Amino acid sequence: MYIIILLVVSHALAFTVGLNFLRILGTMKDPSCLTSKLHSYQVEANYPLGTWQREAYENLANILTAPDKIFPCIYGTKGYKANELDFFFLPSEDLDDLAVAKLAAKAILEYHKALKSRGRNISLVLICPPAESEKVGSVDHYHALFWSLLKRLRQLDPKPWSSTVPHDPLHRRWCMNFDGLEAFFAVLTPAHRARLSRSSPNFTMVYQPRKIFDVVFKDARYRESATKMVRALVDKYDAPLPHSPDISDYGEEGSTESRQYFLLDENVSSESPYVSLQTAAEEDPL
């Protein structure tokens, strides 16, 4: 179910914009110097219209609320109303750059500290600045950048790789883990054209601790019903492209989360460029 969620549910949760309250995380007068994750109201307060950050934020909000193309997830609406979204704006698309990766790691660590005070429909959205139109990379280019970030996160992780998670990205029980928490990612890029549920003007990574899915979908019958509903809605949203065959429940035989974080723009499986993140991290020392 985790995979289903992040194809659409997490995608929608990640694009939620709050209406109910402002949670102060600390702000700075110069928006270009902001280094903390921001709640939606803080984005509006710190980034005026015309800034790339505000435009990216508005684009994501429009994806969720577009009246002419309904985003296929009721959980997105719940997250919208509950104001359970955090944004973090990265300074570059170059996720292999150590300075950029350090900012992403800092945002995730800060996010983990606030989890107990958050609700159920939560997500952290890491957003990169827009590439110039003539410099937008291919889907494969963004796939490589995303895995570079995962490698950097392994290098920057303050805790060892979980003893309960296999190192092999092809293993059915593999998942990303950071700071001792298992996590799920959904990646959106400006290069995606057919798979609209993974398309965004900005290179965007939606991050969620997997344990929240155990809370939301703890009832097996509800999970099964939600799975069918979401897959049908995804098929309609991405038509004529059907949902990816790589989407499956976590741990299911023949599946792996490493192919689900970054879905390609066609129904061909993506592959991790590393035999293990630990090995990749050690072979490219900081």
# chains A, B, ... in the order shown; residues from 1 in each chain; ligands from 1
>>> select_by_dssp(residues="segment 142-190 of chain A", states="strand (DSSP E or B)", output="list in words")
Met176, Asn177, Phe178, Leu181, Glu182, Ala183, Phe184, Phe185, Ala186, Val187, Leu188 and Thr189 of chain A
>>> write_last_selection(atoms="all heavy atoms", output="compact mmCIF listing (two decimals), in the first residue's frame")
# COMPACT_ATOMS: atom_id res chain seq x y z
N MET A 176 14.37 3.14 1.52
CA MET A 176 15.28 4.16 2.01
C MET A 176 15.06 4.33 3.50
O MET A 176 13.92 4.24 3.99
CB MET A 176 15.03 5.48 1.28
CG MET A 176 15.98 6.59 1.68
SD MET A 176 17.71 6.14 1.38
CE MET A 176 18.56 7.55 2.08
N ASN A 177 16.15 4.52 4.23
CA ASN A 177 16.00 4.89 5.63
C ASN A 177 17.05 5.93 5.97
O ASN A 177 18.18 5.90 5.46
CB ASN A 177 16.04 3.68 6.56
CG ASN A 177 17.36 2.94 6.55
OD1 ASN A 177 18.24 3.19 7.37
ND2 ASN A 177 17.53 2.02 5.60
N PHE A 178 16.66 6.86 6.81
CA PHE A 178 17.53 7.98 7.17
C PHE A 178 17.19 8.40 8.59
O PHE A 178 16.02 8.48 8.95
CB PHE A 178 17.30 9.15 6.19
CG PHE A 178 18.19 10.34 6.45
CD1 PHE A 178 19.51 10.32 6.05
CD2 PHE A 178 17.70 11.47 7.09
CE1 PHE A 178 20.34 11.42 6.28
CE2 PHE A 178 18.51 12.56 7.32
CZ PHE A 178 19.84 12.53 6.92
N LEU A 181 14.72 6.17 10.45
CA LEU A 181 13.33 6.03 10.02
C LEU A 181 13.27 5.53 8.58
O LEU A 181 13.97 6.05 7.70
CB LEU A 181 12.60 7.37 10.12
CG LEU A 181 12.29 7.91 11.51
CD1 LEU A 181 11.52 9.22 11.40
CD2 LEU A 181 11.48 6.90 12.32
N GLU A 182 12.42 4.54 8.34
CA GLU A 182 12.17 4.08 6.98
C GLU A 182 11.32 5.14 6.27
O GLU A 182 10.43 5.73 6.88
CB GLU A 182 11.45 2.74 7.00
CG GLU A 182 12.28 1.64 7.63
CD GLU A 182 11.56 0.31 7.65
OE1 GLU A 182 10.45 0.22 7.09
OE2 GLU A 182 12.11 -0.66 8.22
N ALA A 183 11.61 5.34 5.00
CA ALA A 183 10.96 6.45 4.29
C ALA A 183 10.53 6.05 2.90
O ALA A 183 10.99 5.06 2.34
CB ALA A 183 11.92 7.64 4.21
N PHE A 184 9.62 6.84 2.37
CA PHE A 184 9.14 6.68 1.01
C PHE A 184 9.32 8.01 0.28
O PHE A 184 9.12 9.07 0.87
CB PHE A 184 7.66 6.30 1.01
CG PHE A 184 7.20 5.65 -0.27
CD1 PHE A 184 6.85 4.32 -0.29
CD2 PHE A 184 7.12 6.38 -1.43
CE1 PHE A 184 6.43 3.72 -1.47
CE2 PHE A 184 6.71 5.79 -2.62
CZ PHE A 184 6.36 4.45 -2.63
N PHE A 185 9.72 7.94 -0.97
CA PHE A 185 9.85 9.12 -1.82
C PHE A 185 8.95 8.98 -3.04
O PHE A 185 8.72 7.89 -3.54
CB PHE A 185 11.29 9.26 -2.34
CG PHE A 185 12.26 9.89 -1.40
CD1 PHE A 185 13.03 9.12 -0.55
CD2 PHE A 185 12.43 11.27 -1.38
CE1 PHE A 185 13.95 9.70 0.31
CE2 PHE A 185 13.34 11.86 -0.53
CZ PHE A 185 14.11 11.08 0.32
N ALA A 186 8.46 10.10 -3.52
CA ALA A 186 7.88 10.18 -4.86
C ALA A 186 8.56 11.35 -5.55
O ALA A 186 8.64 12.44 -5.00
CB ALA A 186 6.38 10.40 -4.81
N VAL A 187 9.04 11.11 -6.74
CA VAL A 187 9.81 12.13 -7.46
C VAL A 187 9.02 12.61 -8.67
O VAL A 187 8.45 11.82 -9.43
CB VAL A 187 11.16 11.56 -7.91
CG1 VAL A 187 11.99 12.66 -8.58
CG2 VAL A 187 11.92 10.97 -6.73
N LEU A 188 9.00 13.94 -8.83
CA LEU A 188 8.33 14.57 -9.96
C LEU A 188 9.35 15.41 -10.71
O LEU A 188 10.23 16.02 -10.08
CB LEU A 188 7.18 15.46 -9.49
CG LEU A 188 6.04 14.77 -8.76
CD1 LEU A 188 6.33 14.67 -7.26
CD2 LEU A 188 4.75 15.54 -8.98
N THR A 189 9.25 15.44 -12.02
CA THR A 189 10.23 16.19 -12.80
C THR A 189 9.54 16.97 -13.93
O THR A 189 8.44 16.61 -14.37
CB THR A 189 11.29 15.26 -13.44
OG1 THR A 189 10.78 14.72 -14.67
CG2 THR A 189 11.69 14.14 -12.50
>>> residues_around(residues="Leu126 of chain A", least_positions_apart="6", cutoff="7 Å", atoms="only C-alpha atoms", output="PyMOL selection string")
chain A and resi 87-90+204-206
>>> write_last_selection(atoms="N, CA and C atoms", output="tab-separated table (two decimals), in the first residue's frame")
chain	number	residue	atom	x	y	z
A	87	PHE	N	7.38	22.63	3.29
A	87	PHE	CA	8.16	22.84	2.08
A	87	PHE	C	9.61	23.13	2.46
A	88	PHE	N	10.52	22.71	1.59
A	88	PHE	CA	11.90	23.15	1.71
A	88	PHE	C	12.42	23.40	0.31
A	89	PHE	N	12.95	24.58	0.08
A	89	PHE	CA	13.42	24.98	-1.25
A	89	PHE	C	14.93	24.83	-1.32
A	90	LEU	N	15.37	23.95	-2.20
A	90	LEU	CA	16.79	23.72	-2.41
A	90	LEU	C	17.34	24.75	-3.39
A	204	THR	N	11.07	17.88	-8.04
A	204	THR	CA	10.46	17.84	-6.71
A	204	THR	C	10.52	16.44	-6.13
A	205	MET	N	10.86	16.37	-4.86
A	205	MET	CA	10.88	15.09	-4.14
A	205	MET	C	9.96	15.16	-2.94
A	206	VAL	N	8.99	14.28	-2.89
A	206	VAL	CA	8.04	14.20	-1.79
A	206	VAL	C	8.54	13.13	-0.82
>>> residues_around(residues="Ala131 of chain A", least_positions_apart="5", cutoff="8 Å", atoms="only C-alpha atoms", output="number ranges by chain")
A: 93, 136, 202
>>> select_by_dssp(residues="segment 73-248 of chain A", states="alpha helix (DSSP H)", output="number ranges by chain")
A: 74-82, 98-114, 139-156, 211-216, 220-238
>>> closest_residue(among="A:Ser40, A:Ser163, A:Thr65, A:Gln53", to="Cys128 of chain A", atoms="only C-alpha atoms")
A:Gln53
>>> atom_distance(atom1="atom CA of Lys116 of chain A", atom2="atom CA of Arg210 of chain A")
14.2 Å
